[in-house]
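Engineer: Next up, start04.pdb (PDB, C-alpha atoms).
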ATOM      1  CA  MET A   1    -124.786 170.442 210.067
ATOM      2  CA  SER A   2    -124.697 167.630 207.519
ATOM      3  CA  LYS A   3    -124.298 165.041 210.308
ATOM      4  CA  HIS A   4    -127.153 166.519 212.309
ATOM      5  CA  LYS A   5    -130.754 166.920 211.342
ATOM      6  CA  LEU A   6    -132.153 170.406 211.398
ATOM      7  CA  SER A   7    -134.232 170.025 214.515
ATOM      8  CA  PRO A   8    -136.657 172.733 215.607
ATOM      9  CA  VAL A   9    -134.152 173.714 218.310
ATOM     10  CA  ILE A  10    -131.333 174.201 215.769
ATOM     11  CA  ILE A  11    -133.596 176.122 213.383
ATOM     12  CA  THR A  12    -134.686 178.357 216.269
ATOM     13  CA  GLN A  13    -131.069 178.968 217.316
ATOM     14  CA  ILE A  14    -130.125 179.900 213.742
ATOM     15  CA  ALA A  15    -133.110 182.240 213.478
ATOM     16  CA  LEU A  16    -132.359 183.918 216.811
ATOM     17  CA  VAL A  17    -128.699 184.550 216.012
ATOM     18  CA  ALA A  18    -129.661 185.859 212.554
ATOM     19  CA  ALA A  19    -132.253 188.140 214.150
ATOM     20  CA  VAL A  20    -129.796 189.482 216.739
ATOM     21  CA  TYR A  21    -127.222 190.220 214.025
ATOM     22  CA  ALA A  22    -129.793 191.963 211.806
ATOM     23  CA  ALA A  23    -131.342 193.928 214.674
ATOM     24  CA  LEU A  24    -127.996 195.155 216.036
ATOM     25  CA  THR A  25    -126.913 196.201 212.557
ATOM     26  CA  VAL A  26    -130.119 198.064 211.733
ATOM     27  CA  VAL A  27    -130.474 199.723 215.148
ATOM     28  CA  LEU A  28    -126.875 200.928 214.932
ATOM     29  CA  ALA A  29    -127.311 201.895 211.256
ATOM     30  CA  PRO A  30    -125.248 205.088 211.299
ATOM     31  CA  PHE A  31    -122.220 202.926 212.128
ATOM     32  CA  SER A  32    -123.212 199.801 210.186
ATOM     33  CA  TYR A  33    -123.142 200.860 206.540
ATOM     34  CA  GLY A  34    -120.854 202.687 204.141
ATOM     35  CA  ALA A  35    -117.142 203.147 203.605
ATOM     36  CA  MET A  36    -116.420 203.755 207.290
ATOM     37  CA  GLN A  37    -118.419 201.165 209.185
ATOM     38  CA  VAL A  38    -118.098 199.336 212.469
ATOM     39  CA  ARG A  39    -120.811 196.710 212.649
ATOM     40  CA  ILE A  40    -120.941 195.790 216.298
ATOM     41  CA  ALA A  41    -122.932 192.697 215.290
ATOM     42  CA  GLU A  42    -119.810 191.414 213.529
ATOM     43  CA  MET A  43    -118.551 190.309 216.961
ATOM     44  CA  LEU A  44    -120.942 187.396 216.497
ATOM     45  CA  MET A  45    -118.862 186.191 213.535
ATOM     46  CA  LEU A  46    -116.578 184.502 216.067
ATOM     47  CA  LEU A  47    -119.345 181.957 216.613
ATOM     48  CA  CYS A  48    -118.454 180.581 213.168
ATOM     49  CA  VAL A  49    -115.263 179.132 214.621
ATOM     50  CA  TYR A  50    -117.340 176.623 216.598
ATOM     51  CA  ARG A  51    -120.219 175.332 214.486
ATOM     52  CA  LYS A  52    -121.338 175.408 210.865
ATOM     53  CA  ARG A  53    -124.840 176.430 211.921
ATOM     54  CA  TRP A  54    -123.493 179.818 213.024
ATOM     55  CA  CYS A  55    -122.132 180.367 209.504
ATOM     56  CA  VAL A  56    -125.679 179.970 208.212
ATOM     57  CA  ALA A  57    -127.132 182.156 210.957
ATOM     58  CA  LEU A  58    -124.719 185.033 210.436
ATOM     59  CA  SER A  59    -124.970 184.891 206.652
ATOM     60  CA  LEU A  60    -128.752 185.066 206.943
ATOM     61  CA  GLY A  61    -128.543 187.889 209.486
ATOM     62  CA  CYS A  62    -126.195 189.824 207.209
ATOM     63  CA  PHE A  63    -128.532 189.341 204.248
ATOM     64  CA  ILE A  64    -131.474 190.677 206.261
ATOM     65  CA  ALA A  65    -129.442 193.620 207.602
ATOM     66  CA  ASN A  66    -128.223 194.485 204.109
ATOM     67  CA  LEU A  67    -131.836 194.770 202.907
ATOM     68  CA  PHE A  68    -131.888 197.959 205.022
ATOM     69  CA  SER A  69    -128.563 199.346 203.786
ATOM     70  CA  GLY A  70    -130.017 201.519 201.042
ATOM     71  CA  MET A  71    -127.392 200.038 198.726
ATOM     72  CA  PRO A  72    -128.873 197.274 196.531
ATOM     73  CA  ALA A  73    -125.442 195.897 195.596
ATOM     74  CA  ASP A  74    -124.708 195.356 199.293
ATOM     75  CA  ILE A  75    -127.459 192.755 199.509
ATOM     76  CA  LEU A  76    -125.451 190.518 197.182
ATOM     77  CA  PHE A  77    -121.832 191.529 197.708
ATOM     78  CA  GLY A  78    -121.933 192.293 201.427
ATOM     79  CA  THR A  79    -123.663 188.997 202.075
ATOM     80  CA  LEU A  80    -121.183 187.179 199.832
ATOM     81  CA  ALA A  81    -118.304 188.638 201.848
ATOM     82  CA  THR A  82    -119.918 187.396 205.063
ATOM     83  CA  VAL A  83    -120.518 183.904 203.656
ATOM     84  CA  ILE A  84    -116.885 183.652 202.545
ATOM     85  CA  ALA A  85    -115.590 184.985 205.881
ATOM     86  CA  ALA A  86    -117.855 182.670 207.896
ATOM     87  CA  VAL A  87    -116.810 179.533 206.016
ATOM     88  CA  LEU A  88    -113.114 180.427 206.181
ATOM     89  CA  MET A  89    -113.399 181.162 209.903
ATOM     90  CA  TYR A  90    -114.975 177.755 210.469
ATOM     91  CA  CYS A  91    -112.233 176.073 208.427
ATOM     92  CA  ILE A  92    -109.484 177.884 210.358
ATOM     93  CA  GLY A  93    -111.013 177.061 213.726
ATOM     94  CA  LYS A  94    -108.692 179.265 215.785
ATOM     95  CA  PRO A  95    -110.447 182.399 217.083
ATOM     96  CA  VAL A  96    -107.515 184.823 216.982
ATOM     97  CA  ILE A  97    -106.479 183.974 213.433
ATOM     98  CA  ALA A  98    -110.093 183.601 212.269
ATOM     99  CA  SER A  99    -110.932 187.064 213.637
ATOM    100  CA  LEU A 100    -108.788 188.601 210.891
ATOM    101  CA  ILE A 101    -110.716 186.956 208.045
ATOM    102  CA  PRO A 102    -113.767 189.302 208.055
ATOM    103  CA  ALA A 103    -111.437 192.297 207.719
ATOM    104  CA  VAL A 104    -109.847 190.837 204.600
ATOM    105  CA  ALA A 105    -113.030 189.446 203.006
ATOM    106  CA  ASN A 106    -115.183 192.505 203.688
ATOM    107  CA  GLY A 107    -112.378 194.927 202.928
ATOM    108  CA  LEU A 108    -111.779 193.365 199.523
ATOM    109  CA  ILE A 109    -115.376 192.634 198.498
ATOM    110  CA  VAL A 110    -117.310 195.503 200.099
ATOM    111  CA  GLY A 111    -114.459 197.858 199.232
ATOM    112  CA  ALA A 112    -114.764 196.806 195.577
ATOM    113  CA  GLU A 113    -118.563 197.101 195.752
ATOM    114  CA  LEU A 114    -118.372 200.658 197.073
ATOM    115  CA  HIS A 115    -115.787 201.523 194.418
ATOM    116  CA  PHE A 116    -117.499 200.017 191.362
ATOM    117  CA  PHE A 117    -121.135 200.724 192.214
ATOM    118  CA  TYR A 118    -120.876 203.946 194.181
ATOM    119  CA  GLY A 119    -117.695 205.574 192.819
ATOM    120  CA  MET A 120    -115.798 205.691 196.092
ATOM    121  CA  PRO A 121    -111.989 205.363 196.060
ATOM    122  CA  TYR A 122    -111.033 201.699 196.457
ATOM    123  CA  ALA A 123    -108.067 202.168 198.790
ATOM    124  CA  ALA A 124    -110.143 204.277 201.185
ATOM    125  CA  THR A 125    -113.114 201.897 201.142
ATOM    126  CA  PHE A 126    -110.912 198.823 201.594
ATOM    127  CA  LEU A 127    -109.128 200.410 204.537
ATOM    128  CA  GLY A 128    -112.304 201.815 206.089
ATOM    129  CA  VAL A 129    -114.253 198.570 205.923
ATOM    130  CA  ALA A 130    -111.272 196.428 206.959
ATOM    131  CA  ALA A 131    -110.502 198.714 209.916
ATOM    132  CA  GLY A 132    -114.113 198.556 211.059
ATOM    133  CA  GLU A 133    -114.035 194.760 210.915
ATOM    134  CA  LEU A 134    -110.800 194.631 212.894
ATOM    135  CA  ILE A 135    -112.349 196.871 215.544
ATOM    136  CA  ALA A 136    -115.595 194.896 215.748
ATOM    137  CA  VAL A 137    -114.321 191.330 215.454
ATOM    138  CA  THR A 138    -110.748 191.350 216.733
ATOM    139  CA  LEU A 139    -110.526 194.232 219.207
ATOM    140  CA  LEU A 140    -114.055 194.001 220.637
ATOM    141  CA  GLY A 141    -115.223 190.518 219.683
ATOM    142  CA  LEU A 142    -112.312 188.442 220.961
ATOM    143  CA  PRO A 143    -112.449 189.774 224.542
ATOM    144  CA  VAL A 144    -116.255 189.632 224.635
ATOM    145  CA  MET A 145    -116.262 186.049 223.313
ATOM    146  CA  ALA A 146    -113.508 184.999 225.728
ATOM    147  CA  ALA A 147    -115.479 186.427 228.648
ATOM    148  CA  ALA A 148    -118.739 184.866 227.450
ATOM    149  CA  MET A 149    -117.131 181.451 226.938
ATOM    150  CA  ARG A 150    -116.232 181.347 230.649
ATOM    151  CA  SER A 151    -119.901 180.608 231.292
ATOM    152  CA  PRO A 152    -120.834 176.932 231.008
ATOM    153  CA  HIS A 153    -124.260 177.995 229.722
ATOM    154  CA  VAL A 154    -122.723 179.960 226.844
ATOM    155  CA  ARG A 155    -120.268 177.151 226.071
ATOM    156  CA  ARG A 156    -123.162 174.695 225.897
ATOM    157  CA  LEU A 157    -125.148 177.012 223.602
ATOM    158  CA  VAL A 158    -122.215 177.912 221.344
ATOM    159  CA  GLY A 159    -121.138 174.288 221.274
ATOM    160  CA  LYS A 160    -117.936 172.400 220.866
ATOM    161  CA  ARG A 161    -116.134 172.502 217.587
ATOM    162  CA  GLU A 162    -117.846 170.132 215.142
TER     163      GLU A 162
END
How would this structure read if it were set down as structure tokens?

Structural biologist:
Amino acid sequence: MSKHKLSPVIITQIALVAAVYAALTVVLAPFSYGAMQVRIAEMLMLLCVYRKRWCVALSLGCFIANLFSGMPADILFGTLATVIAAVLMYCIGKPVIASLIPAVANGLIVGAELHFFYGMPYAATFLGVAAGELIAVTLLGLPVMAAAMRSPHVRRLVGKRE
């Protein structure tokens, strides 16, 4: 994004992706929070492979969604895990490999958050959160993104790698 000005179109795209992430997470709340979570919205993390703006959008969407988690520590630590995962995914730039990053980042950070702030066993929280990320991003997200990227309209919206 540093090369490009934040035009109204780019700001709108960021806001829309953030809103979709937050809405999907909140609407599917029983599955989106806690030690065993599968955030379907995490499929969108694969957008981070293509453009930096999607890192911003998904970090913002995660922050908004975490406001509804009922766990104040999640606002900071859950969002931090998403920021780290998004940036690393962009740096890696290969969807299959990048899809594993949210499992590691969220497993480590959210697992530690649930352990230290809420007294849950670390091994169980790490495994539960990491497994949910693998399901959402790798098992579901990769095929959905591959199918979506067949459309020239989606490719134009998602953009080429910056």

Engineer: Kindly provide, as a VMD selection string, the polymer residues lying within 12 Å of (-119.8, 198.6, 193.7), counting only C-alpha atoms and using the coordinates exactly as they appear in the file.

Structural biologist: chain A and resid 34 to 35 71 to 78 108 to 122 125 to 126

Engineer: Please determine, counting all atoms listed in the file, which residue among A:Leu16, A:Leu134, A:Leu142, A:Ala29 has the shortest atom-to-atom distance to A:Leu100.

Structural biologist: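 Under the stated criterion, the closest residue is A:Leu134.
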
Engineer: How close does each residue of stretch 32-124 of chain A get to stretch 152-161 of chain A, giving the shortest atom pair and distance in Å to one decimal for every residue with an atom at most 10 Å away, counting all atoms listed in the file, sorted by chain and residue number, as a Markdown table?

Structural biologist:
| residue | atom | partner | partner_atom | distance |
| --- | --- | --- | --- | --- |
| A:Leu47 | CA | A:Val158 | CA | 6.9 |
| A:Cys48 | CA | A:Val158 | CA | 9.4 |
| A:Val49 | CA | A:Arg161 | CA | 7.3 |
| A:Tyr50 | CA | A:Arg161 | CA | 4.4 |
| A:Arg51 | CA | A:Arg161 | CA | 5.9 |
| A:Lys52 | CA | A:Arg161 | CA | 9.0 |
| A:Arg53 | CA | A:Val158 | CA | 9.9 |
| A:Trp54 | CA | A:Val158 | CA | 8.6 |
| A:Tyr90 | CA | A:Arg161 | CA | 8.9 |
| A:Gly93 | CA | A:Arg161 | CA | 7.9 |

Engineer: Expand the PyMOL selection byres ((chain A and resi 20) around 12) into the individual residues it matches in the shown file, reporting them as number ranges by chain.

Structural biologist: A: 13-19, 21-28, 40-45, 57-58, 60-62, 64-65

Engineer: Record the distance separating atom CA of A:Leu46 and atom CA of A:Thr138, expressed in Å with one decimal.

Structural biologist: 9.0 Å

Engineer: Rounded to one decimal, what separation in Å do you get between atom CA of A:Ala146 and atom CA of A:Ala86?

Structural biologist: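 Computed distance, atom CA of A:Ala146 to atom CA of A:Ala86, equals 18.5 Å.
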